[in-house]
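Scroll down for the structure; my scribbles are underneath it.
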Number of protein chains: 2
Amino acid sequence: MEISKRELISFKERKFPEDICFRPIGIVHSPFEGLTGIPIQPSMSNANGKIEIFKQYQDALKNLDGFSHIFCLFFFDMVKLPVPLQSKPFLKDEIMGVFAIRTPFRPNPIGLSVLELIEVRDNLLFVNNLDILDKTPVIDIKPYVPQFDNRESTKIGWLAGSIRHKIS
Amino acid sequence: MEISKRELISFKERKFPEDICFRPIGIVHSPFEGLTGIPIQPSMSNANGKIEIFKQYQDALKNLDGFSHIFCLFFFDMVKLPVPLQSKPFLKDEIMGVFAIRTPFRPNPIGLSVLELIEVRDNLLFVNNLDILDKTPVIDIKPYVPQFDNRESTKIGWLAGSIRHKIS
């Protein structure tokens with residue numbers, strides 16, 4: 001493990017970036033090996049799978065096992081860019097802006113799933129509610145904290161009335 | 001607006017990426033112009049601000065105004081890499097793995113905030129609960145949907161007992 005300090009650049013050096021590049025920190029092992037049958041959201045999935053965190057990042061997992069849920073940020077690596085800025089969501093037959101829907105086809109194809117964390121074993125996260133394609137590159141893992149992340153009274157725009165209908 | 005189809009690469013072309021590069025789709029305008037005084041989480045902030053979505057992505061905002069909350073994914077552009085894989089969180093005096101805390105100092109310095117969406121005016125999102133530094137690059141906007149994103153019964157590991165203490 002490389003020892004490094006937490007350091008910031010100075011405001012003088014700060015420059016708005018043209019590109020923002022990341023490295024995968026892990027890979028998803030999922031029962032979904034093809035593009036059909038993947039649940040549209042983790043909350044609609046009972047699938048189990050594993051997130052393999054690459055060995056060089058394993059030390060970053062310390063204390064994660066105390067959490068029952070995690071945010072998994074991942075890269076929709078099969079999406080071809082550029083994408084249309086408006087398209088039809090899965091749950092409604094109407095054209096929407098892609099920032100108002102959860103489609104993988106977004107200018108920056110990042111996925112965000114709240115997954116149940118069953119167990120942490122070495123560099124493997126055993127998870128439930130998986131809605132992610134097998135072999136998907138993982139960008140970040142964050143603990144899910146209802147006190148930070150839950151919002152109770154929300155308007156859900158075009159989705160109102162669409163969710164129950166499609167699930168049942 | 002460029003017209004493009006939603007397209008996927010083939011499984012044959014699929015190759016695990018070494019780098020994953022994104023382009024900022026917007027910039028945060030926030031009252032927090034320095035590094036002190038920034039709330040540690042949106043749920044602890046009453047600050048108002050704006051997210052400016054760059055004009056070329058404005059069409060992707062259609063229908064977003066129906067939502068009361070959004071996920072804002074952003075880049076902690078002032079973080080110097082590499083970061084330590086373990087460090088002390090703001091809320092506890094103990095060394096933790098960075099995937100078990102919400103520090104900006106992460107291998108891929110991506111921030112995730114649930115913000116209240118007050119108004120959408122052209123390419124500007126007027127938001128509350130802001131906890132983001134001024135001029136921060138924005139990577140993605142997603143609608144926040146409690147039915148997808150809320151988890152009620154969760155274990156919050158080391159944070160149990162620490163949250164109320166620090167806020168009050």
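Please note that chains go A, B, ... in the order of the structure tokens, that every chain numbers its residues from 1, and that ligands are numbered from 1 in the order shown.
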
Practice problem: Name the residues of chain A that fall into strand (DSSP E or B) according to DSSP on the backbone, using the chain letters and numbers of this document, as an NGL selection string. | Solution: :A and (8 or 20-22 or 26-29 or 49-53 or 67 or 69-75 or 79 or 86-87 or 96-97 or 110-121 or 124-128 or 137-143 or 156)

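Using only C-alpha atoms, the residues found no farther than 12 Å from Ser10 of chain B, other than those of its own chain fewer than 5 positions away, are Gly34, Leu35, Asp77, Met78, Val79 and Lys80 of chain A; Lys15 of chain B.
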
Keeping only N, CA, C and O atoms, write those residues as a CSV table (one decimal), in the first residue's frame.
chain,number,residue,atom,x,y,z
A,34,GLY,N,-26.0,-11.1,-20.3
A,34,GLY,CA,-26.4,-10.5,-21.5
A,34,GLY,C,-27.3,-9.3,-21.2
A,34,GLY,O,-27.5,-9.0,-20.1
A,35,LEU,N,-27.8,-8.7,-22.3
A,35,LEU,CA,-28.5,-7.4,-22.0
A,35,LEU,C,-30.0,-7.6,-21.8
A,35,LEU,O,-30.6,-6.6,-21.4
A,77,ASP,N,-20.1,0.6,-19.7
A,77,ASP,CA,-19.0,0.5,-20.6
A,77,ASP,C,-19.4,0.2,-22.0
A,77,ASP,O,-18.7,0.3,-23.0
A,78,MET,N,-20.7,-0.3,-22.2
A,78,MET,CA,-21.1,-0.7,-23.5
A,78,MET,C,-21.9,0.4,-24.3
A,78,MET,O,-22.2,0.2,-25.5
A,79,VAL,N,-22.0,1.5,-23.6
A,79,VAL,CA,-22.7,2.6,-24.3
A,79,VAL,C,-21.8,3.3,-25.3
A,79,VAL,O,-20.7,3.7,-24.9
A,80,LYS,N,-22.3,3.5,-26.5
A,80,LYS,CA,-21.6,4.3,-27.5
A,80,LYS,C,-21.9,5.7,-27.4
A,80,LYS,O,-23.1,6.1,-27.4
B,15,LYS,N,-14.1,-4.6,-24.0
B,15,LYS,CA,-12.8,-4.8,-23.4
B,15,LYS,C,-12.7,-4.0,-22.1
B,15,LYS,O,-13.2,-2.9,-22.0

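Here the question is which of A:Val114, A:Ile53, A:Leu125, A:Val98 gets nearest to Pro146 of chain A using only C-alpha atoms, and that residue is A:Val114.
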
Quiz prompt | Which of chain B fall in alpha helix (DSSP H), as a ChimeraX atom specification | solution = /B:146-149,163-167

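Nearest-residue note for Thr103 of chain B: choosing from B:Leu115, B:Ile70, B:Ile40, B:Leu61, the minimum distance belongs to B:Ile40, counting only C-alpha atoms.
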
Quiz item: For the atom pair atom CA of Lys62 of chain A and atom CA of Gly49 of chain A, what is the interatomic distance in Å to one decimal place?
Solution: 20.2 Å

If we count only C-alpha atoms and set the cut-off at 7 Å, which residues sit around segment 17-25 of chain B, ignoring sequence neighbours fewer than 3 positions away in its own chain? Please answer as a short mmCIF file (atom, residue, chain, number, x, y, z; two decimals) with N, CA and C atoms, in the first residue's frame.
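Contents of the output file around-v2.cif:
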data_model
loop_
_atom_site.label_atom_id
_atom_site.label_comp_id
_atom_site.auth_asym_id
_atom_site.auth_seq_id
_atom_site.Cartn_x
_atom_site.Cartn_y
_atom_site.Cartn_z
N GLU A 18 -11.01 19.82 -18.87
CA GLU A 18 -11.71 19.43 -20.10
C GLU A 18 -12.15 17.98 -20.02
N ASP A 19 -11.26 17.16 -19.50
CA ASP A 19 -11.54 15.74 -19.33
C ASP A 19 -11.32 15.36 -17.87
N ILE A 20 -12.08 14.40 -17.43
CA ILE A 20 -11.94 13.89 -16.07
C ILE A 20 -11.77 12.39 -16.20
N CYS A 21 -10.59 11.90 -15.84
CA CYS A 21 -10.32 10.48 -16.07
C CYS A 21 -10.20 9.71 -14.76
N PHE A 22 -10.82 8.54 -14.76
CA PHE A 22 -10.78 7.67 -13.59
C PHE A 22 -10.21 6.32 -13.98
N ARG A 23 -9.84 5.53 -12.97
CA ARG A 23 -9.43 4.15 -13.20
C ARG A 23 -10.41 3.23 -12.50
N PRO A 24 -10.80 2.16 -13.13
CA PRO A 24 -11.68 1.21 -12.44
C PRO A 24 -11.02 0.72 -11.15
N ASN A 108 -22.28 11.24 -19.78
CA ASN A 108 -21.27 10.49 -19.04
C ASN A 108 -21.96 9.24 -18.47
N ILE B 53 -25.77 24.03 -16.21
CA ILE B 53 -25.54 22.95 -17.17
C ILE B 53 -25.11 23.62 -18.47
N PHE B 54 -24.03 23.15 -19.04
CA PHE B 54 -23.53 23.80 -20.24
C PHE B 54 -24.58 23.73 -21.35
N TYR B 57 -25.82 20.82 -23.39
CA TYR B 57 -26.54 19.71 -22.74
C TYR B 57 -27.94 20.12 -22.25
N PRO B 137 -16.65 20.99 -11.05
CA PRO B 137 -17.18 20.38 -12.29
C PRO B 137 -18.24 19.32 -11.99
N VAL B 138 -19.33 19.39 -12.73
CA VAL B 138 -20.44 18.45 -12.57
C VAL B 138 -20.35 17.37 -13.66
N ILE B 139 -20.55 16.11 -13.26
CA ILE B 139 -20.41 15.00 -14.20
C ILE B 139 -21.75 14.43 -14.65
N ASP B 140 -22.73 14.42 -13.74
CA ASP B 140 -24.02 13.84 -14.11
C ASP B 140 -25.10 14.39 -13.17
#

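As for atom CA of Lys135 of chain B and atom CA of Lys12 of chain A, they are spaced 13.2 Å apart.
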
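Using only C-alpha atoms, the contacts of Ile95 of chain B at a cut-off of 9 Å, with sequence neighbours closer than 6 positions omitted, comprise Lys62 of chain A; Gln86, Ser87, Lys88 and Pro89 of chain B.
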
Practice problem: Extract, using only C-alpha atoms, all DNA, RNA and protein residues at most 8 Å from Asp149 of chain A, discarding same-chain residues fewer than 4 positions from it, and format them as a ChimeraX atom specification. | Solution: /A:144-145 /B:43,113-114,150

Quiz item: Between B:Pro109, B:Gly37, B:Gly161, B:Gly97, which is the closest to chain A once you count only C-alpha atoms?
Solution: B:Gly97

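For the set A:Leu112, A:Ile156, A:Leu117, A:Ile27, the residue with the smallest atom-to-atom gap to chain B is A:Ile156, counting only C-alpha atoms.
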
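When only C-alpha atoms are used to measure the gap to chain B, the shortest distance among A:Arg121, A:Lys92, A:His69, A:Lys55 belongs to A:His69.
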
Practice problem: May I have the residues within 8 Å of Glu52 of chain B as a list in words, using only C-alpha atoms and disregarding those fewer than 3 positions away in the same chain? | Solution: Gly26, Ile27, Val28, His29, Asn123, Leu124 and Leu125 of chain B

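In this comparison, which uses only C-alpha atoms, the residue of B:Ile110, B:Pro31, B:Val83, B:Glu116 approaching Ile141 of chain A most closely is B:Ile110.
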
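What separates atom CA of Ile9 of chain A from atom CA of Asp59 of chain A is a distance of 24.5 Å.
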